[in-house]
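A short write-up of the structure that comes next.
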Amino acid sequence: MKVLDAKFVQGFIRMADDGFQQGWHERNGGNLSYRIKDEEVDEIRDQLSYDREWMPIGTEVPGLAGEYFLVTGTGKYFRNVIIDPETNIGIIEVDDKGVNYRICWGFTDGGRPTSELPTHLMNHEVKKRQTNGKHRVIYHAHTTNTIALTFVLPLTDEVFTRELWEMATECPVVFPEGLGVVGWMVPGGREIAVETSKLMEKYNAVIWAHHGMFCSGEDFDLTFGLMHTIEKSAEILVKVMSMAPKKLQTITPDDFRKLAVGFKVELPERFLYEKE
Ligand code: 2HA
Ligand code: ZN
């Protein structure tokens with residue numbers, strides 16, 4: 001089968017375009033990766049090439065040895081993925097130690113994988129272990145309203161989770177475990193990858209202050225849906241804060257406890273603190 005005809009490749013391209021349409025991918029902002037299933041690799045194996053050199057990942061991910069990923073390219077624009085996928089995205093293979101990768105398909109103009117490859121792969125390693133292989137998608141976007149909030153809210157998991165939960169009743173059902181926040185760091189390297197992947201042990205979404213967000217999920221729908229839900233909630237919060245300094249009414253800690261029972265989700269009490 002041609003790589004571009006494979007269902008997972010089509011789903012990946014659609015998700016990249018959906019993200020661009022949302023306004024989350026100015027210029028070369030954001031990146032996306034998918035851990036390809038063995039049977040999906042088999043479908044396209046005759047289209048892959050194995051003659052390119054091994055390159056350092058920039059960190060170690062032994063839990064991903066031998067895995068294949070479809071990833072967006074460094075410096076590439078999400079806006080262009082749909083019109084020219086073979087140049088803007090590519091398939092990589094991780095070596096048997098989890099320290100190098102090689103390009104097996106795509107990046108036809110000599111491109112390379114996303115500058116955030118260390119964070120993507122360290123998140124994949126955590127999620128593969130923690131979800132018994134279920135999670136396959138890691139998505140980074142420059143979500144406008146979420147970024148705006150990182151200038152005015154304390155940068156704690158507790159505050160961000162609680163404030164975003166309050167803005168839409170479905171939020172605690174969509175991300176009952178809450179979400180994590182990383183203070184400002186230099187992007188693109190191992191250090192921010194380590195901090196992000198530590199939080200991915202607990203959460204499926206991590207906000208990077210003054211930068212954007214990372215989400216993890218089983219498939220394209222769930223991962224895009226998680227990003228979309230959180231960013232919509234952030235948009236409501238920005239509007240509420242712009243209209244009035246203080247909410248007149250909101251969803252209370254006891255309301256959340258009732259919701260938890262009704263929807264059979266566990267909401268950690270540390271997010272249900274009393275406010276002044
Ligand atoms: O330019 O989003 O974080 C890609 C990025 C870096
Ligand atoms: Zn970014």
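In the structure tokens, each chain is lettered A, B, ... as it comes, each chain's residues begin at 1, and ligands are numbered from 1 in order of appearance.
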- request: Can you tell me which residues come within 12 Å of ligand 1 when counting only C-alpha atoms and all ligand atoms, ideally as a VMD selection string?
  value: chain A and resid 24 to 32 72 to 78 113 to 120 139 to 143 184 to 189 192 to 193 207 to 214
- prompt: Mind checking DSSP for segment 85-190 of chain A and telling me the helix (DSSP H, G or I) residues as a PyMOL selection string?
  reply: chain A and resi 85-88+117-130+144-149+157-166+171-174+190
query: What is the atom CA of Gly217 of chain A to atom CA of Glu191 of chain A distance in Å?
result: 22.6 Å
query: Leaving out Phe263 of chain A and any residue of its chain fewer than 5 positions from it, which residues lie within 10 Å of it when counting only C-alpha atoms, given as a count of residues only?
result: 4
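The residue that comes closest to His135 of chain A, out of A:Phe271, A:Tyr68, A:Phe220, A:Trp54 and on the basis of only C-alpha atoms, is A:Phe220.
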Extract, using only C-alpha atoms, all DNA, RNA and protein residues at most 12 Å from Cys171 of chain A, discarding same-chain residues fewer than 2 positions from it, and format them as a short mmCIF file (atom, residue, chain, number, x, y, z; two decimals) with all heavy atoms, in the first residue's frame.
```cif
data_model
loop_
_atom_site.label_atom_id
_atom_site.label_comp_id
_atom_site.auth_asym_id
_atom_site.auth_seq_id
_atom_site.Cartn_x
_atom_site.Cartn_y
_atom_site.Cartn_z
N PHE A 160 -4.68 25.75 37.54
CA PHE A 160 -5.10 25.59 36.13
C PHE A 160 -6.20 24.54 35.98
O PHE A 160 -7.19 24.74 35.28
CB PHE A 160 -3.89 25.27 35.23
CG PHE A 160 -3.30 26.52 34.64
CD1 PHE A 160 -2.42 27.30 35.40
CD2 PHE A 160 -3.65 26.95 33.37
CE1 PHE A 160 -1.89 28.47 34.88
CE2 PHE A 160 -3.12 28.13 32.85
CZ PHE A 160 -2.24 28.90 33.60
N THR A 161 -6.04 23.41 36.67
CA THR A 161 -7.04 22.36 36.57
C THR A 161 -8.39 22.87 37.06
O THR A 161 -9.41 22.75 36.37
CB THR A 161 -6.62 21.13 37.39
OG1 THR A 161 -5.40 20.61 36.84
CG2 THR A 161 -7.67 20.05 37.37
N ARG A 162 -8.38 23.45 38.26
CA ARG A 162 -9.65 23.88 38.85
C ARG A 162 -10.32 24.97 38.03
O ARG A 162 -11.53 24.92 37.75
CB ARG A 162 -9.38 24.37 40.27
CG ARG A 162 -10.57 25.00 40.95
CD ARG A 162 -11.69 23.99 41.23
NE ARG A 162 -12.71 24.69 42.00
CZ ARG A 162 -12.63 24.88 43.31
NH1 ARG A 162 -11.61 24.41 44.00
NH2 ARG A 162 -13.57 25.55 43.93
N GLU A 163 -9.56 25.97 37.60
CA GLU A 163 -10.16 27.07 36.85
C GLU A 163 -10.72 26.57 35.51
O GLU A 163 -11.78 27.01 35.07
CB GLU A 163 -9.15 28.21 36.63
CG GLU A 163 -8.74 28.93 37.91
CD GLU A 163 -9.92 29.53 38.69
OE1 GLU A 163 -10.81 30.13 38.05
OE2 GLU A 163 -9.95 29.37 39.92
N LEU A 164 -10.01 25.66 34.86
CA LEU A 164 -10.49 25.15 33.57
C LEU A 164 -11.67 24.20 33.76
O LEU A 164 -12.62 24.22 32.96
CB LEU A 164 -9.34 24.49 32.80
CG LEU A 164 -8.28 25.49 32.32
CD1 LEU A 164 -7.05 24.78 31.78
CD2 LEU A 164 -8.84 26.45 31.26
N TRP A 165 -11.65 23.40 34.81
CA TRP A 165 -12.82 22.56 35.12
C TRP A 165 -14.07 23.42 35.30
O TRP A 165 -15.14 23.06 34.85
CB TRP A 165 -12.58 21.78 36.42
CG TRP A 165 -11.79 20.52 36.30
CD1 TRP A 165 -11.20 19.98 35.17
CD2 TRP A 165 -11.51 19.61 37.37
NE1 TRP A 165 -10.57 18.81 35.49
CE2 TRP A 165 -10.73 18.55 36.82
CE3 TRP A 165 -11.80 19.58 38.74
CZ2 TRP A 165 -10.28 17.48 37.61
CZ3 TRP A 165 -11.36 18.52 39.52
CH2 TRP A 165 -10.61 17.48 38.96
N GLU A 166 -13.92 24.54 35.99
CA GLU A 166 -15.09 25.37 36.31
C GLU A 166 -15.75 25.97 35.06
O GLU A 166 -16.91 26.35 35.09
CB GLU A 166 -14.70 26.52 37.26
CG GLU A 166 -14.62 26.09 38.71
CD GLU A 166 -14.36 27.25 39.67
OE1 GLU A 166 -14.94 28.34 39.48
OE2 GLU A 166 -13.56 27.06 40.60
N MET A 167 -14.99 26.08 33.98
CA MET A 167 -15.50 26.79 32.80
C MET A 167 -16.40 25.96 31.91
O MET A 167 -17.04 26.48 30.99
CB MET A 167 -14.34 27.36 31.97
CG MET A 167 -13.63 28.52 32.63
SD MET A 167 -14.75 29.86 33.06
CE MET A 167 -14.77 29.74 34.84
N ALA A 168 -16.43 24.65 32.09
CA ALA A 168 -17.29 23.82 31.25
C ALA A 168 -17.54 22.50 31.97
O ALA A 168 -16.60 21.80 32.34
CB ALA A 168 -16.64 23.56 29.89
N THR A 169 -18.81 22.18 32.17
CA THR A 169 -19.18 21.00 32.95
C THR A 169 -18.53 19.73 32.42
O THR A 169 -18.23 18.82 33.19
CB THR A 169 -20.72 20.87 32.95
OG1 THR A 169 -21.26 22.05 33.58
CG2 THR A 169 -21.20 19.64 33.70
N VAL A 173 -15.02 15.59 33.27
CA VAL A 173 -15.30 14.26 32.72
C VAL A 173 -14.26 13.91 31.64
O VAL A 173 -13.83 12.77 31.52
CB VAL A 173 -16.74 14.21 32.14
CG1 VAL A 173 -17.04 12.84 31.56
CG2 VAL A 173 -17.76 14.59 33.21
N VAL A 174 -13.82 14.92 30.90
CA VAL A 174 -12.85 14.70 29.81
C VAL A 174 -11.42 14.55 30.36
O VAL A 174 -10.65 13.73 29.87
CB VAL A 174 -12.92 15.84 28.77
CG1 VAL A 174 -11.83 15.70 27.71
CG2 VAL A 174 -14.29 15.87 28.10
N PHE A 175 -11.08 15.36 31.38
CA PHE A 175 -9.74 15.17 31.99
C PHE A 175 -9.83 15.16 33.52
O PHE A 175 -9.34 16.05 34.20
CB PHE A 175 -8.71 16.19 31.47
CG PHE A 175 -9.09 17.65 31.54
CD1 PHE A 175 -8.56 18.47 32.54
CD2 PHE A 175 -9.95 18.22 30.62
CE1 PHE A 175 -8.87 19.82 32.61
CE2 PHE A 175 -10.28 19.58 30.69
CZ PHE A 175 -9.75 20.37 31.69
N PRO A 176 -10.43 14.06 34.05
CA PRO A 176 -10.64 13.95 35.50
C PRO A 176 -9.34 13.95 36.29
O PRO A 176 -9.32 14.34 37.46
CB PRO A 176 -11.38 12.60 35.66
CG PRO A 176 -11.12 11.86 34.40
CD PRO A 176 -10.95 12.88 33.32
N GLU A 177 -8.24 13.50 35.66
CA GLU A 177 -6.95 13.45 36.38
C GLU A 177 -6.32 14.83 36.51
O GLU A 177 -5.33 14.99 37.18
CB GLU A 177 -6.01 12.47 35.69
CG GLU A 177 -5.63 12.80 34.25
CD GLU A 177 -6.75 12.65 33.23
OE1 GLU A 177 -7.55 11.70 33.37
OE2 GLU A 177 -6.84 13.47 32.31
N GLY A 178 -6.92 15.86 35.84
CA GLY A 178 -6.37 17.21 35.88
C GLY A 178 -5.34 17.43 34.79
O GLY A 178 -5.22 16.62 33.86
N LEU A 179 -4.61 18.54 34.90
CA LEU A 179 -3.53 18.77 33.93
C LEU A 179 -2.35 19.43 34.62
O LEU A 179 -2.47 20.02 35.70
CB LEU A 179 -4.01 19.57 32.71
CG LEU A 179 -4.78 20.87 32.90
CD1 LEU A 179 -3.87 21.99 33.33
CD2 LEU A 179 -5.47 21.24 31.59
N GLY A 225 -9.50 16.05 20.47
CA GLY A 225 -10.64 16.43 21.30
C GLY A 225 -10.23 16.95 22.66
O GLY A 225 -10.84 17.88 23.20
N LEU A 226 -9.18 16.37 23.22
CA LEU A 226 -8.69 16.82 24.53
C LEU A 226 -8.12 18.24 24.41
O LEU A 226 -8.45 19.13 25.20
CB LEU A 226 -7.63 15.84 25.05
CG LEU A 226 -6.96 16.20 26.38
CD1 LEU A 226 -8.00 16.30 27.50
CD2 LEU A 226 -5.89 15.17 26.74
N MET A 227 -7.28 18.45 23.40
CA MET A 227 -6.70 19.79 23.18
C MET A 227 -7.82 20.81 22.97
O MET A 227 -7.81 21.91 23.54
CB MET A 227 -5.79 19.73 21.95
CG MET A 227 -5.04 20.99 21.63
SD MET A 227 -3.58 21.26 22.65
CE MET A 227 -2.38 20.12 22.00
N HIS A 228 -8.80 20.44 22.16
CA HIS A 228 -9.91 21.32 21.79
C HIS A 228 -10.75 21.69 23.02
O HIS A 228 -11.14 22.84 23.21
CB HIS A 228 -10.76 20.55 20.76
CG HIS A 228 -11.56 21.42 19.85
ND1 HIS A 228 -12.42 20.90 18.93
CD2 HIS A 228 -11.66 22.76 19.72
CE1 HIS A 228 -13.00 21.87 18.25
NE2 HIS A 228 -12.55 23.02 18.72
N THR A 229 -11.03 20.68 23.85
CA THR A 229 -11.83 20.90 25.05
C THR A 229 -11.13 21.85 26.02
O THR A 229 -11.74 22.79 26.55
CB THR A 229 -12.09 19.55 25.76
OG1 THR A 229 -12.73 18.67 24.83
CG2 THR A 229 -12.96 19.72 26.99
N ILE A 230 -9.83 21.61 26.24
CA ILE A 230 -9.08 22.45 27.18
C ILE A 230 -8.98 23.87 26.66
O ILE A 230 -9.18 24.85 27.39
CB ILE A 230 -7.69 21.84 27.44
CG1 ILE A 230 -7.82 20.49 28.15
CG2 ILE A 230 -6.82 22.81 28.27
CD1 ILE A 230 -6.53 19.69 28.21
N GLU A 231 -8.67 24.00 25.38
CA GLU A 231 -8.51 25.34 24.81
C GLU A 231 -9.84 26.10 24.78
O GLU A 231 -9.88 27.31 25.00
CB GLU A 231 -7.88 25.24 23.41
CG GLU A 231 -7.81 26.53 22.62
CD GLU A 231 -7.03 27.67 23.28
OE1 GLU A 231 -6.41 27.46 24.34
OE2 GLU A 231 -7.08 28.79 22.74
N LYS A 232 -10.94 25.40 24.55
CA LYS A 232 -12.25 26.07 24.58
C LYS A 232 -12.55 26.57 25.98
O LYS A 232 -13.05 27.68 26.17
CB LYS A 232 -13.35 25.13 24.09
CG LYS A 232 -14.72 25.75 24.30
CD LYS A 232 -15.73 25.40 23.28
CE LYS A 232 -16.97 26.22 23.55
NZ LYS A 232 -18.10 25.84 22.75
N SER A 233 -12.25 25.74 26.97
CA SER A 233 -12.45 26.13 28.36
C SER A 233 -11.60 27.36 28.70
O SER A 233 -12.06 28.29 29.38
CB SER A 233 -12.07 24.95 29.23
OG SER A 233 -12.58 25.12 30.50
N ALA A 234 -10.36 27.37 28.19
CA ALA A 234 -9.48 28.52 28.42
C ALA A 234 -10.06 29.78 27.76
O ALA A 234 -9.99 30.88 28.31
CB ALA A 234 -8.08 28.23 27.86
N ILE A 251 -19.32 26.57 39.23
CA ILE A 251 -19.50 25.18 39.68
C ILE A 251 -18.68 25.03 40.97
O ILE A 251 -17.49 25.36 40.98
CB ILE A 251 -19.00 24.19 38.59
CG1 ILE A 251 -19.67 24.47 37.24
CG2 ILE A 251 -19.24 22.75 39.04
CD1 ILE A 251 -19.08 23.69 36.06
N PHE A 256 -18.84 19.50 41.88
CA PHE A 256 -17.89 18.57 41.24
C PHE A 256 -17.99 17.18 41.87
O PHE A 256 -17.91 16.17 41.16
CB PHE A 256 -16.46 19.09 41.38
CG PHE A 256 -16.13 20.21 40.43
CD1 PHE A 256 -15.71 21.45 40.90
CD2 PHE A 256 -16.24 20.04 39.05
CE1 PHE A 256 -15.41 22.49 40.04
CE2 PHE A 256 -15.94 21.07 38.18
CZ PHE A 256 -15.53 22.31 38.67
N LEU A 259 -20.95 15.53 40.43
CA LEU A 259 -20.64 15.18 39.04
C LEU A 259 -19.81 13.89 38.99
O LEU A 259 -20.04 13.01 38.15
CB LEU A 259 -19.86 16.34 38.41
CG LEU A 259 -19.71 16.38 36.90
CD1 LEU A 259 -21.04 16.70 36.23
CD2 LEU A 259 -18.68 17.44 36.51
N ALA A 260 -18.87 13.79 39.90
CA ALA A 260 -17.99 12.62 39.96
C ALA A 260 -18.82 11.35 40.17
O ALA A 260 -18.55 10.32 39.53
CB ALA A 260 -16.95 12.78 41.06
N PHE A 263 -21.09 10.75 36.91
CA PHE A 263 -20.36 10.34 35.71
C PHE A 263 -19.30 9.27 35.98
O PHE A 263 -18.53 8.92 35.10
CB PHE A 263 -19.72 11.55 35.03
CG PHE A 263 -20.71 12.34 34.21
CD1 PHE A 263 -21.55 13.26 34.81
CD2 PHE A 263 -20.82 12.12 32.84
CE1 PHE A 263 -22.48 13.97 34.06
CE2 PHE A 263 -21.75 12.83 32.08
CZ PHE A 263 -22.59 13.76 32.70
N VAL A 265 -16.51 9.24 37.64
CA VAL A 265 -15.10 9.59 37.49
C VAL A 265 -14.55 9.93 38.87
O VAL A 265 -15.30 10.28 39.78
CB VAL A 265 -14.86 10.80 36.54
CG1 VAL A 265 -15.14 10.41 35.11
CG2 VAL A 265 -15.67 12.01 36.95
N LEU A 267 -12.37 12.45 40.94
CA LEU A 267 -11.79 13.79 40.87
C LEU A 267 -10.95 14.02 42.13
O LEU A 267 -11.50 14.09 43.23
CB LEU A 267 -12.90 14.85 40.77
CG LEU A 267 -13.84 14.72 39.57
CD1 LEU A 267 -14.90 15.81 39.59
CD2 LEU A 267 -13.05 14.78 38.25
#
```
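Note that the spacing between atom CA of Leu272 of chain A and atom CA of Val194 of chain A amounts to 28.0 Å.
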message: Set the distance at 12 Å and use only C-alpha atoms: which residues neighbour Gly66 of chain A once local chain neighbours fewer than 4 positions away are removed? I'd like the list as a PyMOL selection string.
response: chain A and resi 35-38+41+61-62+92-102
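Restricting the calculation to only C-alpha atoms, the smallest distance between Phe12 of chain A and any of A:Ile57, A:Met241, A:Ile83, A:Val137 is found for A:Val137.
Counting only C-alpha atoms, the residue from A:Ile147, A:Ile13, A:Leu153, A:Val261 that sits nearest to Asp84 of chain A is A:Ile13.
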query: Which residues in segment 68-160 of chain A does DSSP call strand (DSSP E or B)? List them as a ChimeraX atom specification.
result: /A:68-73,89-94,100-106,113,137-141
